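Engineer: Got input_30.csv for you, CSV, N, CA and C atoms:
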```
chain,number,residue,atom,x,y,z
A,1,MET,N,-84.7,4.0,162.7
A,1,MET,CA,-85.5,3.4,163.7
A,1,MET,C,-86.5,4.4,164.2
A,2,LEU,N,-86.1,5.6,164.4
A,2,LEU,CA,-87.0,6.7,164.9
A,2,LEU,C,-88.2,6.9,163.9
A,3,LEU,N,-87.9,6.8,162.6
A,3,LEU,CA,-89.0,7.0,161.6
A,3,LEU,C,-90.0,5.9,161.7
A,4,VAL,N,-89.6,4.7,161.9
A,4,VAL,CA,-90.5,3.6,162.0
A,4,VAL,C,-91.4,3.7,163.2
A,5,ILE,N,-90.8,4.1,164.4
A,5,ILE,CA,-91.6,4.3,165.6
A,5,ILE,C,-92.6,5.4,165.4
A,6,THR,N,-92.2,6.5,164.8
A,6,THR,CA,-93.1,7.6,164.6
A,6,THR,C,-94.3,7.2,163.7
A,7,PHE,N,-94.0,6.5,162.6
A,7,PHE,CA,-95.0,6.0,161.7
A,7,PHE,C,-96.0,5.1,162.4
A,8,PHE,N,-95.5,4.1,163.2
A,8,PHE,CA,-96.3,3.2,164.0
A,8,PHE,C,-97.2,3.9,164.9
A,9,SER,N,-96.7,4.9,165.6
A,9,SER,CA,-97.5,5.6,166.6
A,9,SER,C,-98.6,6.4,165.9
A,10,PHE,N,-98.4,7.0,164.7
A,10,PHE,CA,-99.4,7.7,163.9
A,10,PHE,C,-100.5,6.7,163.5
A,11,GLN,N,-100.1,5.5,163.0
A,11,GLN,CA,-101.1,4.5,162.7
A,11,GLN,C,-102.0,4.1,163.8
A,12,LEU,N,-101.4,4.0,165.0
A,12,LEU,CA,-102.1,3.6,166.2
A,12,LEU,C,-103.1,4.6,166.6
A,13,ILE,N,-102.7,5.9,166.5
A,13,ILE,CA,-103.6,7.0,166.9
A,13,ILE,C,-104.8,7.0,165.9
A,14,ASN,N,-104.4,6.9,164.6
A,14,ASN,CA,-105.4,6.9,163.5
A,14,ASN,C,-106.4,5.7,163.7
A,15,ALA,N,-105.9,4.6,164.0
A,15,ALA,CA,-106.8,3.4,164.3
A,15,ALA,C,-107.7,3.6,165.5
A,16,GLN,N,-107.2,4.3,166.5
A,16,GLN,CA,-108.0,4.6,167.7
A,16,GLN,C,-109.1,5.5,167.3
A,17,GLU,N,-108.8,6.5,166.5
A,17,GLU,CA,-109.9,7.5,166.1
A,17,GLU,C,-111.0,6.8,165.3
A,18,GLN,N,-110.6,5.9,164.4
A,18,GLN,CA,-111.6,5.2,163.6
A,18,GLN,C,-112.5,4.3,164.4
A,19,THR,N,-112.0,3.6,165.4
A,19,THR,CA,-112.8,2.7,166.2
A,19,THR,C,-113.6,3.4,167.3
A,20,SER,N,-113.3,4.6,167.5
A,20,SER,CA,-114.0,5.3,168.6
A,20,SER,C,-115.4,5.7,168.1
A,21,GLN,N,-115.7,5.6,166.9
A,21,GLN,CA,-117.0,5.9,166.4
A,21,GLN,C,-117.9,4.6,166.4
A,22,PRO,N,-119.0,4.7,167.1
A,22,PRO,CA,-119.9,3.5,167.2
A,22,PRO,C,-120.4,3.1,165.8
A,23,GLN,N,-120.3,1.9,165.5
A,23,GLN,CA,-120.7,1.4,164.1
A,23,GLN,C,-122.2,1.7,163.8
A,24,ASP,N,-123.0,1.7,164.8
A,24,ASP,CA,-124.5,1.8,164.6
A,24,ASP,C,-124.9,3.3,164.8
A,25,ALA,N,-124.0,4.2,165.1
A,25,ALA,CA,-124.4,5.6,165.3
A,25,ALA,C,-124.9,6.2,163.9
A,26,ILE,N,-125.9,7.1,164.0
A,26,ILE,CA,-126.4,7.8,162.9
A,26,ILE,C,-126.0,9.3,163.1
A,27,TYR,N,-125.3,9.8,162.1
A,27,TYR,CA,-124.8,11.2,162.2
A,27,TYR,C,-125.7,12.1,161.4
A,28,ASP,N,-125.8,13.3,161.9
A,28,ASP,CA,-126.5,14.4,161.2
A,28,ASP,C,-125.7,14.7,159.9
A,29,PHE,N,-126.3,15.1,158.9
A,29,PHE,CA,-125.7,15.5,157.6
A,29,PHE,C,-124.6,16.6,157.8
A,30,LYS,N,-124.8,17.5,158.8
A,30,LYS,CA,-123.8,18.5,159.0
A,30,LYS,C,-122.6,18.1,159.8
A,31,GLU,N,-122.6,16.9,160.4
A,31,GLU,CA,-121.5,16.5,161.3
A,31,GLU,C,-120.4,15.7,160.5
A,32,VAL,N,-120.7,15.3,159.3
A,32,VAL,CA,-119.7,14.5,158.6
A,32,VAL,C,-118.7,15.3,157.8
A,33,ASP,N,-117.5,14.8,157.5
A,33,ASP,CA,-116.5,15.4,156.7
A,33,ASP,C,-116.8,15.4,155.2
A,34,VAL,N,-117.3,14.2,154.8
A,34,VAL,CA,-117.7,14.0,153.4
A,34,VAL,C,-119.1,13.7,153.3
A,35,LYS,N,-119.9,14.5,152.6
A,35,LYS,CA,-121.4,14.3,152.5
A,35,LYS,C,-121.7,13.1,151.7
A,36,PRO,N,-122.8,12.4,151.9
A,36,PRO,CA,-123.2,11.3,151.0
A,36,PRO,C,-123.6,11.9,149.7
A,37,GLU,N,-123.4,11.1,148.6
A,37,GLU,CA,-123.8,11.6,147.3
A,37,GLU,C,-124.5,10.5,146.5
A,38,TYR,N,-125.5,10.9,145.8
A,38,TYR,CA,-126.2,10.0,144.9
A,38,TYR,C,-125.4,9.9,143.7
A,39,PRO,N,-125.2,8.7,143.1
A,39,PRO,CA,-124.4,8.6,141.8
A,39,PRO,C,-124.9,9.6,140.8
A,40,GLY,N,-124.1,10.5,140.3
A,40,GLY,CA,-124.4,11.5,139.3
A,40,GLY,C,-124.8,12.8,140.0
A,41,GLY,N,-124.9,12.9,141.3
A,41,GLY,CA,-125.2,14.1,142.1
A,41,GLY,C,-126.6,14.3,142.4
A,42,VAL,N,-126.9,15.4,143.1
A,42,VAL,CA,-128.2,15.6,143.6
A,42,VAL,C,-129.2,15.8,142.5
A,43,GLU,N,-128.8,16.4,141.4
A,43,GLU,CA,-129.7,16.6,140.2
A,43,GLU,C,-130.1,15.2,139.7
A,44,ALA,N,-129.2,14.3,139.6
A,44,ALA,CA,-129.6,12.9,139.2
A,44,ALA,C,-130.6,12.3,140.1
A,45,PHE,N,-130.5,12.6,141.5
A,45,PHE,CA,-131.5,12.1,142.4
A,45,PHE,C,-132.8,12.7,142.2
A,46,TYR,N,-132.9,14.0,142.0
A,46,TYR,CA,-134.1,14.7,141.7
A,46,TYR,C,-134.8,14.1,140.4
A,47,LYS,N,-134.0,13.9,139.4
A,47,LYS,CA,-134.5,13.3,138.1
A,47,LYS,C,-135.1,11.9,138.4
A,48,PHE,N,-134.4,11.1,139.2
A,48,PHE,CA,-134.9,9.8,139.5
A,48,PHE,C,-136.2,9.8,140.2
A,49,ILE,N,-136.3,10.7,141.2
A,49,ILE,CA,-137.6,10.9,141.9
A,49,ILE,C,-138.7,11.4,141.0
A,50,ALA,N,-138.4,12.4,140.2
A,50,ALA,CA,-139.4,12.9,139.2
A,50,ALA,C,-139.9,11.8,138.2
A,51,LYS,N,-139.0,11.0,137.8
A,51,LYS,CA,-139.3,9.9,136.8
A,51,LYS,C,-140.2,8.8,137.5
A,52,ASN,N,-139.9,8.5,138.7
A,52,ASN,CA,-140.5,7.3,139.3
A,52,ASN,C,-141.7,7.6,140.3
A,53,PHE,N,-141.8,8.8,140.8
A,53,PHE,CA,-142.8,9.2,141.7
A,53,PHE,C,-144.1,9.5,141.0
A,54,LYS,N,-145.2,8.7,141.3
A,54,LYS,CA,-146.5,9.0,140.7
A,54,LYS,C,-147.3,9.7,141.7
A,55,ALA,N,-147.6,11.0,141.4
A,55,ALA,CA,-148.3,11.9,142.2
A,55,ALA,C,-149.8,11.4,142.3
A,56,PRO,N,-150.5,11.6,143.4
A,56,PRO,CA,-151.9,11.3,143.4
A,56,PRO,C,-152.7,12.1,142.4
A,57,GLU,N,-153.7,11.4,141.8
A,57,GLU,CA,-154.5,12.1,140.8
A,57,GLU,C,-155.7,12.8,141.5
A,58,GLU,N,-155.4,13.8,142.3
A,58,GLU,CA,-156.4,14.6,142.9
A,58,GLU,C,-156.3,16.1,142.4
A,59,GLU,N,-157.3,16.6,141.9
A,59,GLU,CA,-157.4,17.9,141.3
A,59,GLU,C,-157.0,19.0,142.3
A,60,GLY,N,-156.0,19.8,142.0
A,60,GLY,CA,-155.7,20.9,142.8
A,60,GLY,C,-154.9,20.5,144.1
A,61,LEU,N,-154.4,19.4,144.1
A,61,LEU,CA,-153.6,18.9,145.3
A,61,LEU,C,-152.3,19.6,145.4
A,62,ASN,N,-152.0,20.3,146.4
A,62,ASN,CA,-150.7,21.0,146.6
A,62,ASN,C,-150.2,20.7,148.0
A,63,GLY,N,-148.9,20.5,148.1
A,63,GLY,CA,-148.3,20.3,149.4
A,63,GLY,C,-146.9,19.8,149.3
A,64,LYS,N,-146.4,19.4,150.5
A,64,LYS,CA,-145.1,19.0,150.6
A,64,LYS,C,-145.0,17.7,151.4
A,65,ILE,N,-144.3,16.7,150.9
A,65,ILE,CA,-144.1,15.5,151.6
A,65,ILE,C,-142.7,15.6,152.1
A,66,ILE,N,-142.5,15.4,153.4
A,66,ILE,CA,-141.1,15.5,154.0
A,66,ILE,C,-140.8,14.1,154.5
A,67,THR,N,-139.7,13.6,154.0
A,67,THR,CA,-139.3,12.2,154.4
A,67,THR,C,-137.8,12.3,154.9
A,68,THR,N,-137.5,11.3,155.7
A,68,THR,CA,-136.1,11.1,156.2
A,68,THR,C,-135.7,9.7,155.9
A,69,PHE,N,-134.5,9.4,155.7
A,69,PHE,CA,-134.0,8.1,155.6
A,69,PHE,C,-132.5,8.1,156.0
A,70,VAL,N,-132.0,6.9,156.2
A,70,VAL,CA,-130.6,6.7,156.6
A,70,VAL,C,-129.8,6.2,155.4
A,71,ILE,N,-128.7,6.8,155.1
A,71,ILE,CA,-127.8,6.3,154.1
A,71,ILE,C,-126.8,5.5,154.8
A,72,GLU,N,-126.8,4.2,154.6
A,72,GLU,CA,-125.9,3.3,155.3
A,72,GLU,C,-124.4,3.4,154.8
A,73,THR,N,-123.5,2.7,155.5
A,73,THR,CA,-122.1,2.8,155.2
A,73,THR,C,-121.8,2.1,153.9
A,74,ASP,N,-122.8,1.2,153.4
A,74,ASP,CA,-122.6,0.6,152.1
A,74,ASP,C,-123.3,1.4,151.0
A,75,GLY,N,-124.0,2.5,151.3
A,75,GLY,CA,-124.7,3.3,150.4
A,75,GLY,C,-126.1,3.0,150.2
A,76,SER,N,-126.6,1.9,150.8
A,76,SER,CA,-128.0,1.6,150.7
A,76,SER,C,-128.9,2.5,151.6
A,77,ILE,N,-130.2,2.5,151.4
A,77,ILE,CA,-131.1,3.4,152.1
A,77,ILE,C,-131.9,2.5,153.1
A,78,SER,N,-132.0,3.0,154.3
A,78,SER,CA,-132.8,2.3,155.3
A,78,SER,C,-133.6,3.3,156.1
A,79,ASP,N,-134.5,2.7,157.0
A,79,ASP,CA,-135.2,3.5,158.0
A,79,ASP,C,-136.0,4.7,157.3
A,80,ILE,N,-136.7,4.4,156.3
A,80,ILE,CA,-137.5,5.5,155.6
A,80,ILE,C,-138.7,5.9,156.5
A,81,LYS,N,-138.8,7.2,156.7
A,81,LYS,CA,-139.9,7.7,157.5
A,81,LYS,C,-140.5,8.9,156.8
A,82,VAL,N,-141.8,9.0,156.8
A,82,VAL,CA,-142.6,10.1,156.2
A,82,VAL,C,-143.0,11.0,157.4
A,83,LEU,N,-142.4,12.2,157.5
A,83,LEU,CA,-142.7,13.1,158.6
A,83,LEU,C,-143.9,13.9,158.3
A,84,GLN,N,-144.1,14.3,157.1
A,84,GLN,CA,-145.3,15.1,156.7
A,84,GLN,C,-145.8,14.5,155.4
A,85,ASP,N,-147.1,14.2,155.3
A,85,ASP,CA,-147.7,13.6,154.2
A,85,ASP,C,-148.9,14.4,153.7
A,86,ILE,N,-149.2,14.3,152.5
A,86,ILE,CA,-150.3,15.0,151.9
A,86,ILE,C,-151.5,14.1,151.7
A,87,GLY,N,-151.3,12.8,152.0
A,87,GLY,CA,-152.4,11.9,151.9
A,87,GLY,C,-152.5,11.3,150.5
A,88,TYR,N,-153.7,10.6,150.2
A,88,TYR,CA,-154.0,10.0,148.9
A,88,TYR,C,-152.9,9.0,148.5
A,89,GLY,N,-152.2,8.4,149.4
A,89,GLY,CA,-151.2,7.3,149.1
A,89,GLY,C,-149.9,7.9,148.8
A,90,SER,N,-149.6,9.2,149.0
A,90,SER,CA,-148.4,9.8,148.6
A,90,SER,C,-147.2,9.2,149.5
A,91,GLY,N,-147.5,9.0,150.8
A,91,GLY,CA,-146.5,8.4,151.7
A,91,GLY,C,-146.0,7.1,151.2
A,92,ALA,N,-146.9,6.2,150.8
A,92,ALA,CA,-146.6,4.9,150.4
A,92,ALA,C,-145.8,4.9,149.1
A,93,GLU,N,-146.1,5.9,148.2
A,93,GLU,CA,-145.4,6.1,147.0
A,93,GLU,C,-143.9,6.5,147.2
A,94,VAL,N,-143.7,7.3,148.3
A,94,VAL,CA,-142.4,7.7,148.6
A,94,VAL,C,-141.6,6.5,149.0
A,95,PHE,N,-142.1,5.6,149.9
A,95,PHE,CA,-141.5,4.4,150.3
A,95,PHE,C,-141.1,3.5,149.0
A,96,LYS,N,-142.1,3.4,148.1
A,96,LYS,CA,-141.8,2.6,146.9
A,96,LYS,C,-140.7,3.1,146.1
A,97,VAL,N,-140.7,4.4,145.9
A,97,VAL,CA,-139.6,5.0,145.0
A,97,VAL,C,-138.3,5.0,145.7
A,98,LEU,N,-138.2,5.3,147.0
A,98,LEU,CA,-136.9,5.3,147.6
A,98,LEU,C,-136.3,3.9,147.7
A,99,ALA,N,-137.2,2.9,147.8
A,99,ALA,CA,-136.7,1.5,147.8
A,99,ALA,C,-136.1,1.1,146.5
A,100,MET,N,-136.4,1.8,145.4
A,100,MET,CA,-135.9,1.5,144.1
A,100,MET,C,-134.5,2.3,143.9
A,101,SER,N,-134.2,3.1,144.8
A,101,SER,CA,-133.0,4.0,144.6
A,101,SER,C,-131.7,3.2,144.5
A,102,LYS,N,-130.8,3.7,143.6
A,102,LYS,CA,-129.4,3.2,143.6
A,102,LYS,C,-128.8,3.4,144.9
A,103,LYS,N,-127.7,2.7,145.1
A,103,LYS,CA,-126.9,2.9,146.3
A,103,LYS,C,-126.1,4.3,146.2
A,104,TRP,N,-126.1,5.0,147.3
A,104,TRP,CA,-125.4,6.2,147.4
A,104,TRP,C,-123.9,6.0,147.6
A,105,ILE,N,-123.1,7.0,147.4
A,105,ILE,CA,-121.7,7.1,147.9
A,105,ILE,C,-121.8,7.5,149.3
A,106,PRO,N,-121.4,6.7,150.3
A,106,PRO,CA,-121.7,7.0,151.7
A,106,PRO,C,-120.9,8.2,152.2
A,107,ALA,N,-121.4,8.7,153.3
A,107,ALA,CA,-120.7,9.8,154.0
A,107,ALA,C,-119.5,9.3,154.7
A,108,LYS,N,-118.6,10.2,155.0
A,108,LYS,CA,-117.4,9.8,155.8
A,108,LYS,C,-117.1,10.7,156.9
A,109,LEU,N,-116.6,10.2,158.0
A,109,LEU,CA,-116.2,11.0,159.1
A,109,LEU,C,-114.8,10.4,159.5
A,110,ASN,N,-113.8,11.3,159.5
A,110,ASN,CA,-112.4,10.9,159.8
A,110,ASN,C,-112.0,9.8,158.8
A,111,GLY,N,-112.4,9.9,157.6
A,111,GLY,CA,-112.0,8.9,156.6
A,111,GLY,C,-112.8,7.6,156.6
A,112,VAL,N,-113.7,7.4,157.5
A,112,VAL,CA,-114.4,6.2,157.7
A,112,VAL,C,-115.9,6.3,157.3
A,113,PRO,N,-116.4,5.4,156.4
A,113,PRO,CA,-117.9,5.5,156.1
A,113,PRO,C,-118.7,5.4,157.3
A,114,VAL,N,-119.7,6.3,157.4
A,114,VAL,CA,-120.7,6.4,158.5
A,114,VAL,C,-122.1,6.5,158.0
A,115,ARG,N,-123.0,6.1,158.9
A,115,ARG,CA,-124.4,6.2,158.6
A,115,ARG,C,-124.9,7.7,158.8
A,116,VAL,N,-125.7,8.2,157.9
A,116,VAL,CA,-126.1,9.6,157.9
A,116,VAL,C,-127.6,9.7,157.7
A,117,LEU,N,-128.3,10.5,158.5
A,117,LEU,CA,-129.7,10.8,158.4
A,117,LEU,C,-129.8,11.9,157.3
A,118,TYR,N,-130.7,11.6,156.3
A,118,TYR,CA,-130.9,12.5,155.2
A,118,TYR,C,-132.4,12.9,155.2
A,119,GLN,N,-132.7,14.2,155.1
A,119,GLN,CA,-134.1,14.7,155.0
A,119,GLN,C,-134.3,15.2,153.6
A,120,PHE,N,-135.5,14.8,153.0
A,120,PHE,CA,-135.7,15.1,151.6
A,120,PHE,C,-137.2,15.5,151.5
A,121,PRO,N,-137.5,16.7,151.0
A,121,PRO,CA,-138.8,17.2,150.8
A,121,PRO,C,-139.2,17.0,149.3
A,122,ILE,N,-140.5,16.6,149.1
A,122,ILE,CA,-141.0,16.5,147.7
A,122,ILE,C,-142.2,17.4,147.6
A,123,SER,N,-142.2,18.4,146.8
A,123,SER,CA,-143.3,19.3,146.6
A,123,SER,C,-144.2,18.7,145.5
A,124,ILE,N,-145.5,18.7,145.8
A,124,ILE,CA,-146.5,18.2,144.9
A,124,ILE,C,-147.4,19.4,144.5
A,125,ARG,N,-147.6,19.5,143.2
A,125,ARG,CA,-148.6,20.5,142.7
A,125,ARG,C,-149.2,19.9,141.5
A,126,THR,N,-150.5,19.5,141.6
A,126,THR,CA,-151.2,18.9,140.5
A,126,THR,C,-151.9,20.0,139.8
A,127,ALA,N,-152.1,19.8,138.5
A,127,ALA,CA,-152.8,20.8,137.7
A,127,ALA,C,-154.2,20.9,138.0
A,128,GLU,N,-154.7,22.1,138.1
A,128,GLU,CA,-156.2,22.2,138.3
A,128,GLU,C,-156.8,22.2,136.9
A,129,LYS,N,-157.9,21.5,136.8
A,129,LYS,CA,-158.6,21.5,135.6
A,129,LYS,C,-159.6,22.6,135.5
A,130,TYR,N,-159.6,23.3,134.4
A,130,TYR,CA,-160.6,24.4,134.2
A,130,TYR,C,-161.7,23.9,133.2
A,131,TYR,N,-162.9,24.1,133.6
A,131,TYR,CA,-164.0,23.7,132.8
A,131,TYR,C,-164.7,25.0,132.4
A,132,ARG,N,-165.1,25.0,131.1
A,132,ARG,CA,-165.9,26.1,130.6
A,132,ARG,C,-167.4,25.8,131.0
A,133,ASN,N,-168.0,26.9,131.2
A,133,ASN,CA,-169.4,26.8,131.5
A,133,ASN,C,-170.2,26.4,130.2
A,134,SER,N,-170.8,25.3,130.2
A,134,SER,CA,-171.5,24.8,129.0
A,134,SER,C,-172.7,25.6,128.6
A,135,LYS,N,-173.1,26.6,129.4
A,135,LYS,CA,-174.3,27.3,129.1
A,135,LYS,C,-174.0,28.7,128.6
A,136,GLN,N,-173.0,28.8,127.7
A,136,GLN,CA,-172.6,30.1,127.1
A,136,GLN,C,-173.7,30.7,126.4
```
Do you think you could lay out the structure here as structure tokens?

Structural biologist:
Amino acid sequence: MLLVITFFSFQLINAQEQTSQPQDAIYDFKEVDVKPEYPGGVEAFYKFIAKNFKAPEEEGLNGKIITTFVIETDGSISDIKVLQDIGYGSGAEVFKVLAMSKKWIPAKLNGVPVRVLYQFPISIRTAEKYYRNSKQ
């Protein structure tokens, strides 16, 4: 009988821990026990971005687009924001590509899936065209 009471009280404490986290809270990436993960890992996410992101066709364009988004408890992406943009439609392109993303494996805190804010930079470097002087 003592074993059953001990087990029951552990379950009760564990349940209280889980419900004490607000369902709509957004946690910082550093605050969670288990980090969110893109299927196949971060390298697969980089490949996905590289394959689908169409950089602006502006000669010599260099810069960094910094975006944040929330990875939801079901792994979907929401609340996409562009914090730093290089212009020429690059911010809109980030929205388009992230909207196509597969669902992530969600973050966990105390064993419970939670919403996490994720920051992602995209570096853009377009090739500069070199022209020969036609008056050689």

Engineer: When you draw a straight line from atom N of A:Ser76 to atom CA of A:Asp33, how long is it in Å?

Structural biologist: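 Spanning atom N of A:Ser76 to atom CA of A:Asp33 is a straight-line distance of 17.9 Å.
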
Engineer: Extract, using all atoms listed in the file, all DNA, RNA and protein residues at most 7 Å from stretch 55-66 of chain A, discarding same-chain residues fewer than 4 positions from it, and format them as a compact mmCIF listing (two decimals) with N, CA and C atoms, keeping the file's coordinate frame.

Structural biologist:
```
# COMPACT_ATOMS: atom_id res chain seq x y z
N LYS A 81 -138.80 7.20 156.70
CA LYS A 81 -139.90 7.70 157.50
C LYS A 81 -140.50 8.90 156.80
N VAL A 82 -141.80 9.00 156.80
CA VAL A 82 -142.60 10.10 156.20
C VAL A 82 -143.00 11.00 157.40
N LEU A 83 -142.40 12.20 157.50
CA LEU A 83 -142.70 13.10 158.60
C LEU A 83 -143.90 13.90 158.30
N GLN A 84 -144.10 14.30 157.10
CA GLN A 84 -145.30 15.10 156.70
C GLN A 84 -145.80 14.50 155.40
N ASP A 85 -147.10 14.20 155.30
CA ASP A 85 -147.70 13.60 154.20
C ASP A 85 -148.90 14.40 153.70
N ILE A 86 -149.20 14.30 152.50
CA ILE A 86 -150.30 15.00 151.90
C ILE A 86 -151.50 14.10 151.70
N TYR A 88 -153.70 10.60 150.20
CA TYR A 88 -154.00 10.00 148.90
C TYR A 88 -152.90 9.00 148.50
N GLY A 89 -152.20 8.40 149.40
CA GLY A 89 -151.20 7.30 149.10
C GLY A 89 -149.90 7.90 148.80
N SER A 90 -149.60 9.20 149.00
CA SER A 90 -148.40 9.80 148.60
C SER A 90 -147.20 9.20 149.50
N GLN A 119 -132.70 14.20 155.10
CA GLN A 119 -134.10 14.70 155.00
C GLN A 119 -134.30 15.20 153.60
N PHE A 120 -135.50 14.80 153.00
CA PHE A 120 -135.70 15.10 151.60
C PHE A 120 -137.20 15.50 151.50
N PRO A 121 -137.50 16.70 151.00
CA PRO A 121 -138.80 17.20 150.80
C PRO A 121 -139.20 17.00 149.30
N ILE A 122 -140.50 16.60 149.10
CA ILE A 122 -141.00 16.50 147.70
C ILE A 122 -142.20 17.40 147.60
N SER A 123 -142.20 18.40 146.80
CA SER A 123 -143.30 19.30 146.60
C SER A 123 -144.20 18.70 145.50
N ILE A 124 -145.50 18.70 145.80
CA ILE A 124 -146.50 18.20 144.90
C ILE A 124 -147.40 19.40 144.50
N ARG A 125 -147.60 19.50 143.20
CA ARG A 125 -148.60 20.50 142.70
C ARG A 125 -149.20 19.90 141.50
N THR A 126 -150.50 19.50 141.60
CA THR A 126 -151.20 18.90 140.50
C THR A 126 -151.90 20.00 139.80
N ALA A 127 -152.10 19.80 138.50
CA ALA A 127 -152.80 20.80 137.70
C ALA A 127 -154.20 20.90 138.00
N GLU A 128 -154.70 22.10 138.10
CA GLU A 128 -156.20 22.20 138.30
C GLU A 128 -156.80 22.20 136.90
N LYS A 129 -157.90 21.50 136.80
CA LYS A 129 -158.60 21.50 135.60
C LYS A 129 -159.60 22.60 135.50
```

Engineer: As an exercise, work out the distance from atom CA of A:Tyr27 to atom CA of A:Glu43 in Å and give it to one decimal place.

Structural biologist: 23.2 Å

Engineer: Here is a test: counting only N, CA and C atoms, which residue of A:Ala44, A:Val70, A:Ile49, A:Val32 is nearest to A:Val97?

Structural biologist: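 Looking only at the distances to A:Val97, the closest residue turns out to be A:Ile49.
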
Engineer: Identify which of the residues A:Pro39, A:Glu72, A:Lys30, A:Lys96 lies closest to A:Phe53, counting only N, CA and C atoms when measuring atom-to-atom distances.

Structural biologist: A:Lys96

Engineer: Point out the residue among A:Gly91, A:Gly41, A:Gly75, A:Gly111 with the least atom-to-atom distance to A:Lys54, counting only C-alpha atoms.

Structural biologist: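 Going through A:Gly91, A:Gly41, A:Gly75, A:Gly111 one by one, the smallest distance to A:Lys54 is for A:Gly91.
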
Engineer: Which residues come within 8 Å of A:Pro36, counting only C-alpha atoms, excluding same-chain residues fewer than 6 positions away, as an NGL selection string?

Structural biologist: :A and (71 or 104-108 or 116)

Engineer: Could you jot down the atom CA of A:Leu109 to atom N of A:Phe45 separation for me, Å, one decimal place?

Structural biologist: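 Taking atom CA of A:Leu109 as the start and atom N of A:Phe45 as the end point, the length is 22.7 Å.
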
Engineer: Find the residue from A:Ile26, A:Val94, A:Val42, A:Val114 that sits nearest to A:Thr67; use only N, CA and C atoms when measuring.

Structural biologist: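 Checking each of A:Ile26, A:Val94, A:Val42, A:Val114 against A:Thr67, counting only N, CA and C atoms, the winner is A:Val94.
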
Engineer: Under the rule that only N, CA and C atoms are counted, which of A:Ala50, A:Phe95, A:Asn110, A:Lys102 is the nearest residue to A:Ile80?

Structural biologist: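 Of A:Ala50, A:Phe95, A:Asn110, A:Lys102, the one nearest A:Ile80 is A:Phe95, counting only N, CA and C atoms.
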
Engineer: Give the alpha helix (DSSP H) residues of stretch 95-133 of chain A, as DSSP finds them on the backbone, and put them as a PyMOL selection string.

Structural biologist: chain A and resi 95-99

Engineer: Which residue, A:Arg115, A:Ala92, A:Thr68, A:Glu37, has the smallest gap to A:Ala25 when you use only N, CA and C atoms?

Structural biologist: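 Looking only at the distances to A:Ala25, the closest residue turns out to be A:Arg115.
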
Engineer: Since fewer atoms than expected are present, regenerate all heavy atoms for stretch 121-125 of chain A and write them as a PDB file, in the frame of the given file.

Structural biologist:
```
ATOM      1  N   PRO A 121    -137.500  16.700 151.000  1.00  0.00           N
ATOM      2  CA  PRO A 121    -138.800  17.200 150.800  1.00  0.00           C
ATOM      3  C   PRO A 121    -139.200  17.000 149.300  1.00  0.00           C
ATOM      4  O   PRO A 121    -138.383  17.069 148.394  1.00  0.00           O
ATOM      5  CB  PRO A 121    -138.759  18.689 151.050  1.00  0.00           C
ATOM      6  CG  PRO A 121    -137.354  19.063 150.688  1.00  0.00           C
ATOM      7  CD  PRO A 121    -136.502  17.854 150.967  1.00  0.00           C
ATOM      8  N   ILE A 122    -140.500  16.600 149.100  1.00  0.00           N
ATOM      9  CA  ILE A 122    -141.000  16.500 147.700  1.00  0.00           C
ATOM     10  C   ILE A 122    -142.200  17.400 147.600  1.00  0.00           C
ATOM     11  O   ILE A 122    -143.187  17.193 148.377  1.00  0.00           O
ATOM     12  CB  ILE A 122    -141.419  15.024 147.410  1.00  0.00           C
ATOM     13  CG1 ILE A 122    -140.220  14.076 147.535  1.00  0.00           C
ATOM     14  CG2 ILE A 122    -142.045  14.917 146.016  1.00  0.00           C
ATOM     15  CD1 ILE A 122    -140.588  12.613 147.420  1.00  0.00           C
ATOM     16  N   SER A 123    -142.200  18.400 146.800  1.00  0.00           N
ATOM     17  CA  SER A 123    -143.300  19.300 146.600  1.00  0.00           C
ATOM     18  C   SER A 123    -144.200  18.700 145.500  1.00  0.00           C
ATOM     19  O   SER A 123    -143.775  18.318 144.438  1.00  0.00           O
ATOM     20  CB  SER A 123    -142.808  20.666 146.178  1.00  0.00           C
ATOM     21  OG  SER A 123    -142.085  21.238 147.234  1.00  0.00           O
ATOM     22  N   ILE A 124    -145.500  18.700 145.800  1.00  0.00           N
ATOM     23  CA  ILE A 124    -146.500  18.200 144.900  1.00  0.00           C
ATOM     24  C   ILE A 124    -147.400  19.400 144.500  1.00  0.00           C
ATOM     25  O   ILE A 124    -147.928  20.114 145.337  1.00  0.00           O
ATOM     26  CB  ILE A 124    -147.385  17.117 145.544  1.00  0.00           C
ATOM     27  CG1 ILE A 124    -146.519  15.968 146.038  1.00  0.00           C
ATOM     28  CG2 ILE A 124    -148.481  16.647 144.602  1.00  0.00           C
ATOM     29  CD1 ILE A 124    -145.828  15.188 144.959  1.00  0.00           C
ATOM     30  N   ARG A 125    -147.600  19.500 143.200  1.00  0.00           N
ATOM     31  CA  ARG A 125    -148.600  20.500 142.700  1.00  0.00           C
ATOM     32  C   ARG A 125    -149.200  19.900 141.500  1.00  0.00           C
ATOM     33  O   ARG A 125    -148.607  19.766 140.444  1.00  0.00           O
ATOM     34  CB  ARG A 125    -147.853  21.800 142.368  1.00  0.00           C
ATOM     35  CG  ARG A 125    -148.787  22.817 141.785  1.00  0.00           C
ATOM     36  CD  ARG A 125    -148.099  24.125 141.533  1.00  0.00           C
ATOM     37  NE  ARG A 125    -149.023  25.127 141.986  1.00  0.00           N
ATOM     38  CZ  ARG A 125    -148.696  26.250 142.553  1.00  0.00           C
ATOM     39  NH1 ARG A 125    -147.445  26.541 142.751  1.00  0.00           N
ATOM     40  NH2 ARG A 125    -149.611  27.095 142.922  1.00  0.00           N
TER      41      ARG A 125
END
```
